[in-house]
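Asker: Structure file my_file_39.txt (compact mmCIF, C-alpha atoms and all ligand atoms) is given on the next line.
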# COMPACT_ATOMS: atom_id res chain seq x y z
CA MET A 599 106.34 120.37 56.98
CA GLU A 600 109.36 118.60 58.40
CA VAL A 601 110.43 118.83 62.01
CA ARG A 602 114.07 118.18 62.64
CA ILE A 603 115.17 117.35 66.14
CA ILE A 604 118.71 118.30 66.97
CA VAL A 605 120.23 118.06 70.41
CA GLU A 606 123.30 119.97 71.45
CA THR A 607 125.44 118.90 74.35
CA ILE A 608 127.77 121.44 75.93
CA PHE A 609 130.42 119.73 78.01
CA GLU A 610 131.97 121.33 81.04
CA ASN A 611 135.25 121.89 79.20
CA GLY A 612 133.44 124.05 76.65
CA THR A 613 133.26 121.60 73.75
CA THR A 614 129.93 121.00 72.13
CA LYS A 615 128.45 118.10 70.30
CA ARG A 616 125.40 117.92 68.09
CA HIS A 617 123.15 114.93 67.63
CA ARG A 618 120.39 114.50 65.11
CA LEU A 619 117.55 112.59 66.63
CA GLY A 620 115.65 112.25 63.42
CA ARG A 621 112.77 114.05 61.84
CA LEU A 622 109.03 114.09 61.84
CA SER A 623 107.18 114.51 58.62
CA ARG A 624 103.81 116.30 58.66
CA PRO A 625 102.73 116.98 55.07
CA PHE A 626 99.92 119.52 55.50
CA ARG A 627 97.88 118.45 52.48
CA ARG A 628 97.36 115.01 53.93
CA THR A 629 96.88 115.98 57.59
CA GLN A 630 94.37 113.80 59.37
CA PRO A 631 93.16 114.33 62.95
CA GLU A 632 95.14 111.26 64.02
CA GLY A 633 98.33 112.70 62.55
CA PHE A 634 98.06 116.10 64.18
CA GLY A 635 100.84 117.21 66.49
CA LEU A 636 103.26 114.95 68.27
CA LEU A 637 102.09 111.37 68.54
CA LEU A 638 102.77 108.98 71.36
CA GLU A 639 104.80 106.65 69.18
CA ASP A 640 106.95 109.56 67.90
CA ALA A 641 107.40 110.83 71.44
CA LYS A 642 108.48 107.40 72.65
CA SER A 643 111.06 107.06 69.93
CA ILE A 644 112.39 110.59 70.47
CA LEU A 645 112.59 110.09 74.23
CA GLY A 646 114.43 106.81 73.77
CA GLN A 647 116.97 108.42 71.46
CA LEU A 648 117.33 111.43 73.72
CA GLN A 649 118.04 109.20 76.69
CA ASN A 650 120.64 107.33 74.67
CA VAL A 651 122.40 110.56 73.69
CA ILE A 652 122.39 111.93 77.23
CA LEU A 653 123.67 108.67 78.68
CA LEU A 654 126.50 108.31 76.19
CA ASP A 655 127.59 111.92 76.61
CA GLN A 656 127.48 111.66 80.38
CA ILE A 657 129.53 108.49 80.34
CA GLU A 658 132.02 110.13 78.04
CA GLU A 659 132.37 113.20 80.25
CA ILE A 660 132.72 111.23 83.48
CA PHE A 661 135.19 108.88 81.86
CA GLU A 662 137.34 111.67 80.39
CA ALA A 663 137.44 113.47 83.73
CA SER A 664 138.33 110.38 85.70
CA ARG A 665 141.19 109.45 83.41
CA ILE A 666 143.19 112.37 84.76
CA CYS A 667 145.25 111.26 87.76
CA PRO A 668 144.46 113.52 90.76
CA ASP A 669 148.08 113.28 91.97
CA CYS A 670 150.17 113.92 88.89
CA ASP A 671 147.61 115.23 86.36
CA GLY A 672 148.81 112.57 83.93
CA VAL A 673 146.37 110.71 81.71
CA ARG A 674 145.80 107.16 82.91
CA ALA A 675 145.58 104.27 80.47
CA ILE A 676 142.38 102.42 79.65
CA HIS A 677 142.41 98.90 80.97
CA ASP A 678 139.34 97.48 79.24
CA TYR A 679 135.65 98.04 78.55
CA ARG A 680 132.94 96.22 80.39
CA SER A 681 129.53 95.85 78.91
CA ARG A 682 126.77 97.03 81.25
CA VAL A 683 123.01 97.10 80.97
CA LEU A 684 121.08 100.00 82.36
CA GLU A 685 117.33 99.95 82.69
CA THR A 686 115.64 103.36 82.58
CA PHE A 687 112.13 104.61 82.01
CA PHE A 688 113.23 105.62 78.54
CA GLY A 689 114.64 102.32 77.43
CA ARG A 690 117.09 99.60 78.24
CA PHE A 691 120.62 100.46 77.15
CA GLN A 692 123.71 98.40 76.82
CA VAL A 693 126.70 100.65 77.37
CA LYS A 694 130.42 100.17 77.47
CA ALA A 695 131.80 101.15 80.84
CA PRO A 696 135.55 101.68 80.65
CA ARG A 697 137.98 100.72 83.40
CA ILE A 698 141.16 102.69 84.01
CA ARG A 699 144.58 101.53 85.13
CA ARG A 700 146.01 102.97 88.30
CA CYS A 701 148.80 105.48 87.98
CA VAL A 702 152.35 104.63 89.05
CA CYS A 703 153.17 108.15 90.23
CA ASN A 704 152.52 107.39 93.91
CA THR A 705 154.49 104.17 94.17
CA LYS A 706 158.28 103.94 94.52
CA SER A 707 158.51 100.80 92.41
CA ASP A 708 156.83 100.06 89.11
CA VAL A 709 154.40 97.68 90.78
CA VAL A 710 150.86 99.05 91.05
CA LEU A 711 148.69 97.84 93.88
CA GLY A 712 144.99 97.17 93.33
CA GLY A 713 143.00 96.36 90.23
CA PRO A 714 141.71 98.75 87.59
CA LEU A 715 139.36 101.56 88.62
CA SER A 716 135.82 101.60 87.41
CA PRO A 717 134.56 105.20 87.53
CA LEU A 718 131.03 104.29 86.47
CA ALA A 719 130.53 101.29 88.74
CA HIS A 720 128.11 102.87 91.18
CA PHE A 721 125.81 104.11 88.44
CA PHE A 722 124.92 100.55 87.55
CA SER A 723 123.92 99.13 90.88
CA ASP A 724 120.88 96.95 90.40
CA ARG A 725 121.13 97.63 86.63
CA SER A 726 118.47 100.30 86.84
CA THR A 727 118.04 103.96 87.66
CA PRO A 728 116.73 104.88 91.13
CA GLU A 729 113.85 106.68 89.44
CA LEU A 730 112.73 103.51 87.72
CA ARG A 731 113.08 101.47 90.88
CA HIS A 732 111.02 103.87 92.96
CA LEU A 733 108.25 104.42 90.46
CA GLN A 734 107.97 100.70 89.88
CA ALA A 735 107.72 100.16 93.60
CA GLU A 736 105.02 102.81 93.78
CA PHE A 737 103.03 101.31 90.91
CA GLY A 738 103.59 97.89 92.41
CA ALA A 739 102.18 99.10 95.69
CA ARG A 740 99.05 100.46 94.07
CA HIS A 741 98.28 97.85 91.44
CA SER A 742 98.93 94.23 90.79
CA PHE A 743 102.55 93.46 89.89
CA ARG A 744 101.57 92.42 86.42
CA GLU A 745 99.72 95.67 85.86
CA ALA A 746 102.60 97.67 87.33
CA ALA A 747 104.99 96.00 84.92
CA ARG A 748 102.73 96.65 81.96
CA MET A 749 101.61 100.23 82.59
CA PRO A 750 104.74 102.32 81.96
CA LYS A 751 105.22 100.67 78.58
CA THR A 752 102.01 102.26 77.38
CA PHE A 753 103.41 105.76 77.66
CA LEU A 754 107.15 105.42 77.73
CA PRO A 755 109.77 103.77 75.58
CA CYS A 756 110.90 101.54 78.46
CA ALA A 757 111.70 97.94 77.74
CA LYS A 758 109.31 95.15 78.60
CA GLN A 759 109.22 94.61 82.33
CA VAL A 760 108.43 91.44 84.19
CA ASN A 761 106.21 91.23 87.23
CA THR A 762 108.83 89.44 89.30
CA SER A 763 111.25 92.34 89.00
CA VAL A 764 108.52 94.73 90.12
CA ARG A 765 107.89 92.49 93.10
CA LYS A 766 111.58 92.29 93.98
CA ARG A 767 112.04 96.04 93.69
CA LEU A 768 109.00 96.69 95.83
CA GLY A 769 110.32 94.25 98.42
CA LYS A 770 113.68 95.99 98.41
CA VAL A 771 112.20 99.47 98.84
CA ALA A 772 110.04 98.18 101.70
CA LYS A 773 113.04 96.55 103.34
CA ASP A 774 115.08 99.75 103.02
CA ILE A 775 112.29 101.74 104.66
CA ASP A 776 112.10 99.14 107.40
CA ASP A 777 115.86 99.36 107.97
CA ILE A 778 115.85 103.15 108.05
CA GLN A 779 113.01 103.12 110.57
CA GLN A 780 114.89 100.86 112.91
CA THR A 781 118.03 102.94 112.88
CA GLU A 782 116.44 106.38 112.67
CA PRO A 783 117.34 108.49 115.71
CA LEU A 784 114.54 110.50 117.29
CA GLY A 785 114.52 114.08 116.15
CA ALA A 786 113.97 116.92 118.57
CA ALA A 787 111.04 118.08 116.46
CA ALA A 788 109.38 114.72 116.89
CA LEU A 789 109.54 115.04 120.65
CA GLU A 790 107.75 118.37 120.58
CA ASP A 791 104.90 116.90 118.57
CA ALA A 792 104.32 114.17 121.04
CA SER A 793 101.59 116.00 122.91
CA ALA A 794 98.74 113.97 121.45
CA LEU A 795 99.10 110.77 119.52
CA THR A 796 96.05 109.13 118.07
CA VAL A 797 96.14 105.72 116.45
CA PHE A 798 93.41 104.89 113.98
CA LEU A 799 93.11 101.19 113.48
CA ASP A 800 91.25 98.82 111.28
CA GLY A 801 91.58 95.26 110.16
CA ALA A 802 91.27 93.69 106.74
CA GLN A 803 91.47 90.27 105.22
CA ILE A 804 93.43 89.46 102.13
CA ARG A 805 93.73 86.26 100.17
CA CYS A 806 96.56 83.99 101.17
CA LYS A 807 98.82 82.00 98.86
CA PRO A 808 97.71 78.36 98.61
CA GLU A 809 100.89 76.93 100.13
CA TYR A 810 100.07 78.49 103.51
CA LEU A 811 96.99 76.30 103.77
CA LYS A 812 94.53 78.97 104.73
CA ARG A 813 92.25 81.22 102.82
CA HIS A 814 92.92 84.57 104.39
CA LEU A 815 95.52 86.61 106.13
CA ASP A 816 94.55 89.21 108.69
CA VAL A 817 96.14 92.56 108.06
CA VAL A 818 96.12 95.35 110.59
CA VAL A 819 96.36 98.75 109.02
CA GLY A 820 96.30 102.11 110.58
CA LYS A 821 97.51 105.59 110.84
CA ILE A 822 99.26 107.30 113.70
CA VAL A 823 98.52 110.98 113.83
CA GLY A 824 100.59 113.34 115.91
CA HIS A 825 100.47 117.08 116.27
CA ASN A 826 101.40 117.88 112.68
CA LYS A 827 102.66 114.60 111.36
CA CYS A 828 101.20 111.28 110.50
CA ARG A 829 102.44 107.89 109.58
CA ARG A 830 100.68 104.97 107.99
CA PHE A 831 101.50 101.46 108.93
CA GLY A 832 100.34 98.01 108.16
CA LEU A 833 101.32 94.68 109.53
CA VAL A 834 100.56 91.04 109.18
CA GLN A 835 100.85 89.60 112.63
CA GLN A 836 102.12 86.21 111.42
CA ALA A 837 104.98 87.79 109.51
CA VAL A 838 106.58 89.75 112.32
CA LEU A 839 108.19 88.39 115.42
CA SER A 840 106.70 91.07 117.59
CA PRO A 841 103.93 93.19 116.07
CA ALA A 842 103.83 95.24 119.26
CA SER A 843 107.46 96.26 119.06
CA GLN A 844 107.05 97.25 115.45
CA LEU A 845 104.15 99.47 116.36
CA ARG A 846 106.18 100.86 119.24
CA GLN A 847 108.88 101.89 116.78
CA ASP A 848 106.29 103.65 114.66
CA LEU A 849 104.98 105.47 117.72
CA CYS A 850 108.48 106.44 118.80
CA ALA A 851 109.18 107.78 115.34
CA LEU A 852 106.32 110.19 115.85
CA GLY A 853 107.68 111.22 119.20
CA TRP A 854 105.98 108.97 121.72
CA ASP A 855 108.01 109.25 124.92
CA HIS A 856 106.97 106.00 126.70
CA ARG A 857 104.90 107.95 129.22
CA GLN A 858 102.03 109.72 127.59
CA THR A 859 98.69 108.08 126.89
CA VAL A 860 97.94 107.06 123.35
CA THR A 861 94.40 107.36 122.03
CA VAL A 862 93.13 104.53 119.89
CA ILE A 863 90.09 104.86 117.67
CA SER A 864 88.76 101.65 116.18
CA ASP A 865 85.62 99.61 115.82
CA GLY A 866 84.55 97.04 118.41
CA GLU A 867 87.18 94.44 117.47
CA PRO A 868 89.11 93.88 120.73
CA ALA A 869 92.30 92.61 119.08
CA LEU A 870 93.05 96.03 117.60
CA PRO A 871 93.35 98.14 120.76
CA LYS A 872 95.10 95.19 122.39
CA LEU A 873 97.88 95.51 119.85
CA VAL A 874 98.43 99.15 120.81
CA ARG A 875 98.10 98.28 124.50
CA ASP A 876 100.88 95.70 124.08
CA ALA A 877 102.99 98.21 122.20
CA VAL A 878 102.81 100.95 124.80
CA GLY A 879 102.64 98.71 127.83
CA GLY A 880 99.16 99.59 129.04
CA ARG A 881 98.34 103.26 128.82
CA VAL A 882 95.80 103.39 126.05
CA ARG A 883 92.60 105.32 125.75
CA HIS A 884 90.29 103.39 123.48
CA ILE A 885 87.44 105.23 121.81
CA LEU A 886 84.82 103.36 119.87
CA ASP A 887 84.62 104.71 116.36
CA TRP A 888 81.51 106.88 115.93
CA TRP A 889 80.85 105.75 112.38
CA HIS A 890 80.25 102.17 113.43
CA ILE A 891 77.81 103.31 116.12
CA SER A 892 76.13 105.72 113.76
CA MET A 893 75.53 103.01 111.16
CA ARG A 894 73.83 100.81 113.74
CA ILE A 895 71.67 103.70 114.91
CA GLN A 896 70.68 104.31 111.33
CA HIS A 897 69.62 100.68 110.96
CA VAL A 898 67.29 101.14 113.96
CA GLU A 899 65.96 104.43 112.58
CA ASN A 900 65.24 102.94 109.18
CA ALA A 901 63.56 99.88 110.65
CA VAL A 902 61.31 102.09 112.80
CA LYS A 903 60.48 104.25 109.78
CA GLY A 904 59.52 101.11 107.90
CA LEU A 905 57.33 99.97 110.78
CA LEU A 906 55.46 103.27 111.02
CA GLN A 907 54.76 103.34 107.30
CA ILE A 908 52.86 100.06 107.38
CA ARG A 909 49.24 100.51 106.34
CA GLY A 910 46.90 99.63 109.18
CA PHE A 911 49.59 100.04 111.84
CA SER A 912 47.69 99.78 115.13
CA GLY A 913 50.30 100.87 117.68
CA ILE A 914 50.86 104.32 119.14
CA PRO A 915 53.39 105.93 116.74
CA VAL A 916 55.05 108.18 119.27
CA LEU A 917 56.06 105.17 121.41
CA PHE A 918 58.29 104.04 118.56
CA LYS A 919 59.16 107.32 116.97
CA ARG A 920 60.38 109.10 120.05
CA PRO A 921 63.02 106.58 121.27
CA ALA A 922 64.31 106.11 117.74
CA GLU A 923 64.73 109.85 117.33
CA THR A 924 66.53 110.38 120.61
CA LEU A 925 68.93 107.42 120.37
CA ARG A 926 71.45 109.29 118.24
CA TRP A 927 71.38 112.35 120.45
CA TYR A 928 71.98 110.34 123.62
CA LEU A 929 74.85 108.36 122.20
CA TRP A 930 76.43 111.41 120.59
CA HIS A 931 76.43 113.17 123.95
CA GLY A 932 77.86 110.23 125.85
CA LYS A 933 74.62 109.27 127.60
CA ALA A 934 74.96 105.61 126.81
CA LEU A 935 72.92 104.36 129.77
CA THR A 936 69.92 106.48 128.81
CA ALA A 937 70.29 105.21 125.26
CA THR A 938 70.21 101.61 126.40
CA THR A 939 67.06 102.31 128.43
CA SER A 940 65.37 103.77 125.33
CA LEU A 941 66.44 100.73 123.38
CA GLN A 942 64.97 98.41 125.97
CA TRP A 943 61.63 100.24 125.88
CA LEU A 944 61.63 100.08 122.15
CA MET A 945 62.31 96.35 122.23
CA VAL A 946 59.51 95.75 124.76
CA ASP A 947 57.04 97.78 122.71
CA CYS A 948 58.03 95.93 119.56
CA ALA A 949 57.60 92.57 121.26
CA ARG A 950 54.10 93.60 122.32
CA LEU A 951 53.25 94.85 118.88
CA ALA A 952 54.56 91.68 117.25
CA THR A 953 52.07 89.59 119.21
CA ASP A 954 49.12 92.04 119.02
CA ASP A 955 49.29 93.35 115.50
CA ARG A 956 49.33 90.70 112.78
CA VAL A 957 50.07 93.21 110.00
CA ALA A 958 53.16 94.63 111.67
CA THR A 959 54.68 91.44 113.09
CA GLU A 960 57.48 91.16 110.61
CA ALA A 961 58.47 94.84 110.73
CA ALA A 962 58.34 94.84 114.53
CA ARG A 963 60.64 91.82 114.64
CA ARG A 964 63.03 93.64 112.34
CA VAL A 965 63.12 96.67 114.64
CA GLN A 966 63.69 94.34 117.55
CA ALA A 967 66.63 92.65 115.84
CA ARG A 968 68.24 95.97 114.94
CA CYS A 969 67.78 97.20 118.48
CA ARG A 970 69.32 94.04 119.87
CA ASP A 971 72.30 94.47 117.58
CA LEU A 972 72.88 98.05 118.69
CA TYR A 973 72.23 97.16 122.32
CA SER A 974 74.83 94.41 122.42
CA TYR A 975 77.32 96.57 120.52
CA ILE A 976 76.94 99.34 123.08
CA ALA A 977 76.91 96.96 126.02
CA SER A 978 80.14 95.22 125.01
CA ASN A 979 81.90 98.52 124.36
CA MET A 980 80.46 100.52 127.22
CA ASP A 981 83.87 101.55 128.54
CA ASN A 982 84.91 102.99 125.21
CA LEU A 983 81.98 105.32 124.65
CA ILE A 984 82.59 108.98 125.21
CA ASP A 985 80.88 112.31 124.79
CA TYR A 986 81.45 112.43 121.05
CA GLY A 987 79.82 115.83 120.66
CA GLN A 988 82.16 117.44 123.10
CA ARG A 989 85.25 115.78 121.68
CA TYR A 990 84.38 116.57 118.10
CA ARG A 991 82.70 119.99 118.25
CA SER A 992 84.30 121.64 121.23
CA ARG A 993 87.78 120.22 121.05
CA GLY A 994 88.05 119.46 117.36
CA LEU A 995 89.40 115.97 118.00
CA PRO A 996 88.77 113.01 115.70
CA ILE A 997 86.09 110.44 116.46
CA TYR A 998 86.14 108.37 113.29
CA SER A 999 88.51 105.59 112.35
CA SER A 1000 87.85 106.44 108.71
CA ARG A 1001 91.46 107.43 108.25
CA ALA A 1002 92.49 103.86 108.90
CA GLU A 1003 89.69 102.64 106.70
CA GLY A 1004 91.12 104.70 103.87
CA CYS A 1005 94.25 102.57 104.18
CA VAL A 1006 92.13 99.44 104.24
CA ASP A 1007 90.41 100.59 101.09
CA ASP A 1008 93.78 100.87 99.44
CA ILE A 1009 94.65 97.34 100.40
CA GLY A 1010 91.38 95.55 100.60
CA ASN A 1011 89.75 96.80 97.48
CA THR A 1012 92.04 98.39 94.98
CA ARG A 1013 95.05 96.36 95.71
CA MET A 1014 94.70 92.97 97.24
CA GLY A 1015 91.13 92.15 97.18
CA LYS A 1016 88.05 91.51 95.37
CA ARG A 1017 88.82 92.30 91.80
CA ARG A 1018 92.53 91.78 91.57
CA ARG A 1019 92.64 88.28 92.91
CA MET A 1020 96.17 88.55 94.15
CA ARG A 1021 97.33 86.05 96.68
CA TRP A 1022 99.90 86.84 99.30
CA SER A 1023 102.43 85.26 101.52
CA PRO A 1024 102.47 86.68 105.07
CA ARG A 1025 105.88 88.21 104.45
CA GLY A 1026 104.96 89.78 101.13
CA ALA A 1027 101.75 91.17 102.54
CA HIS A 1028 103.55 92.55 105.55
CA ARG A 1029 106.01 94.41 103.41
CA TRP A 1030 103.44 95.82 101.07
CA PRO A 1031 101.89 98.69 103.02
CA LEU A 1032 105.30 99.97 104.02
CA SER A 1033 105.98 101.17 100.56
CA VAL A 1034 102.71 102.86 99.87
CA PRO A 1035 103.33 106.53 99.61
CA PRO A 1036 102.83 108.68 101.51
CA TYR A 1037 104.20 106.35 104.10
CA SER A 1038 105.15 109.14 106.37
CA THR A 1039 103.79 112.56 105.75
CA VAL A 1040 103.23 115.92 107.28
CA VAL A 1041 99.56 116.73 107.69
ZN ZN B 1101 149.52 109.89 88.79
Could you write out this file's structure as structure tokens?

Answerer:
Amino acid sequence: MEVRIIVETIFENGTTKRHRLGRLSRPFRRTQPEGFGLLLEDAKSILGQLQNVILLDQIEEIFEASRICPDCDGVRAIHDYRSRVLETFFGRFQVKAPRIRRCVCNTKSDVVLGGPLSPLAHFFSDRSTPELRHLQAEFGARHSFREAARMPKTFLPCAKQVNTSVRKRLGKVAKDIDDIQQTEPLGAAALEDASALTVFLDGAQIRCKPEYLKRHLDVVVGKIVGHNKCRRFGLVQQAVLSPASQLRQDLCALGWDHRQTVTVISDGEPALPKLVRDAVGGRVRHILDWWHISMRIQHVENAVKGLLQIRGFSGIPVLFKRPAETLRWYLWHGKALTATTSLQWLMVDCARLATDDRVATEAARRVQARCRDLYSYIASNMDNLIDYGQRYRSRGLPIYSSRAEGCVDDIGNTRMGKRRRMRWSPRGAHRWPLSVPPYSTVV
């Protein structure tokens, strides 16, 4: 069979135009599985032609309409044609954009003021369609620039892209978002949501460009969650004049009113809550992330399990089993002091066992080390431990900084890190997370 593709344009003035986009040949006697239905290559070529037809017809319609003088209804003369390139997802097109002479109807003399009018000028800003710019920025935010430049070409008839233009477009989108943020007035709705703001914070390291003479850049990423809204942010402290004031803007955008207390959930790294403390001028409630505590408890539990499973273990099992089992319960219910006492007992018993029992020395030392790790983690964060059970179960409030870690995953692993080997300048890295959708979303 033969498939003919014909496109019909109906202009606003009622005239129609038909375009033949070509034909597909599918002789049924020779049909192979790989020639069944519409193929990607056919689709690309059809889409490219279709885009061309739509563009040319649109230009024609806009041009014809703008030739009519709005004052005297006369037809204005064509001054010249300018060649313009337009980059779209469906190909790169060189089009002729006409310019029109001004009409003399409004002037007393025959002298016309001002140059020719260009009715299509604002369609060719940045030589590309907004759709292309935004999708490229999105791909650029999620993958390496090279990959982002290459990917669309696999499925679409777009022209070959270069990684530098992806980078520039991403930078521009990020800058626009930054500008909007700084000028955005506070909405009334935002003020209502301000009842409880929680900031989830985490840090990550990304590779730095060689000219900055250091290996890594520290990135702070996080999420601010309000009543029914949230906002992701990321910043590289070296790249901004005042990281605190940037964070303050983000908080204000979610309705922070300079008075209420902000809750911060992060791991034990003191620089993270300090950033929020600087941003809000003091009133911060810092909660140690439960996940980080839980992991350390698990290390103790596993080490004790390993100790008890040793053949010929000579100690009294319950002395080790009991404290290990209760640790989690105590910490979950905010009884940190009792937990530290259990830990101390466990450490003392392990020390005794390590000297008495030759078989279990190594395992006992391991338990001791894990206990010491948890003990010092709790001790140095004592002020930030809460009754997690009550907060989580009874009040339904978050206790994990995993939401921030999700952002870190985006940056640290998929995007900037291990496998992709991208290197960043502080400025480039600072701009990056801004453009990752959903930058600001309703939850
Ligand atoms: Zn006129």

Asker: Using 9 Å as the limit and counting all atoms listed in the file, can you tabulate each residue of chain A that touches ligand ZN 1101 (chain B), with its shortest atom-to-atom distance in Å and the two atoms involved, as CSV?

Answerer:
residue,atom,partner,partner_atom,distance
A:Ile666,CA,B:ZN1101,ZN,7.9
A:Cys667,CA,B:ZN1101,ZN,4.6
A:Pro668,CA,B:ZN1101,ZN,6.5
A:Asp669,CA,B:ZN1101,ZN,4.9
A:Cys670,CA,B:ZN1101,ZN,4.1
A:Asp671,CA,B:ZN1101,ZN,6.2
A:Gly672,CA,B:ZN1101,ZN,5.6
A:Val673,CA,B:ZN1101,ZN,7.8
A:Arg674,CA,B:ZN1101,ZN,7.5
A:Arg700,CA,B:ZN1101,ZN,7.8
A:Cys701,CA,B:ZN1101,ZN,4.5
A:Val702,CA,B:ZN1101,ZN,6.0
A:Cys703,CA,B:ZN1101,ZN,4.3
A:Asn704,CA,B:ZN1101,ZN,6.4

Asker: Any chance you can output those residues with C-alpha atoms as a CSV table (one decimal), in the coordinates of the input?

Answerer:
chain,number,residue,atom,x,y,z
A,666,ILE,CA,143.2,112.4,84.8
A,667,CYS,CA,145.2,111.3,87.8
A,668,PRO,CA,144.5,113.5,90.8
A,669,ASP,CA,148.1,113.3,92.0
A,670,CYS,CA,150.2,113.9,88.9
A,671,ASP,CA,147.6,115.2,86.4
A,672,GLY,CA,148.8,112.6,83.9
A,673,VAL,CA,146.4,110.7,81.7
A,674,ARG,CA,145.8,107.2,82.9
A,700,ARG,CA,146.0,103.0,88.3
A,701,CYS,CA,148.8,105.5,88.0
A,702,VAL,CA,152.4,104.6,89.0
A,703,CYS,CA,153.2,108.2,90.2
A,704,ASN,CA,152.5,107.4,93.9

Asker: Considering only C-alpha atoms, state which residue in the set A:Glu809, A:Asp971, A:Asp800, A:Asp655 is at the smallest distance from Trp1022 in chain A.

Answerer: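 Counting only C-alpha atoms, the residue closest to Trp1022 in chain A is A:Glu809.
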
Asker: With all atoms listed in the file as the basis for distance, which of A:Ser1023, A:Gln835, A:Gln734, A:Thr796 is at the shortest distance from Val817 in chain A?

Answerer: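 Of A:Ser1023, A:Gln835, A:Gln734, A:Thr796, the one nearest Val817 in chain A, counting all atoms listed in the file, is A:Gln835.
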
Asker: Dump as a list in words all residues having an atom at most 8 Å from (90.9, 97.0, 111.6), computed in the file's coordinates with only C-alpha atoms.

Answerer: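 The residues that fall inside the cut-off are Leu799, Asp800, Gly801, Ala802, Val817, Val818, Val819, Gly820, Ser864, Asp865, Glu867, Leu870, Ala1002, Glu1003 and Val1006 of chain A.
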
Asker: Distance CA of Gly712 in chain A-CA of Ser681 in chain A, one decimal place?

Answerer: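 Those two atoms sit 21.2 Å apart.
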
Asker: Counting all atoms listed in the file, what is within 12 Å of Lys751 in chain A, bar same-chain residues fewer than 4 positions away, as a list in words?

Answerer: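 Final neighbour list, sorted by chain and number: Leu638, Glu639, Lys642, Thr686, Phe687, Phe688, Gly689, Arg690, Gln734, Arg744, Glu745, Ala746, Ala747, Pro755, Cys756, Ala757, Lys758, Gln759 and Val760 of chain A.
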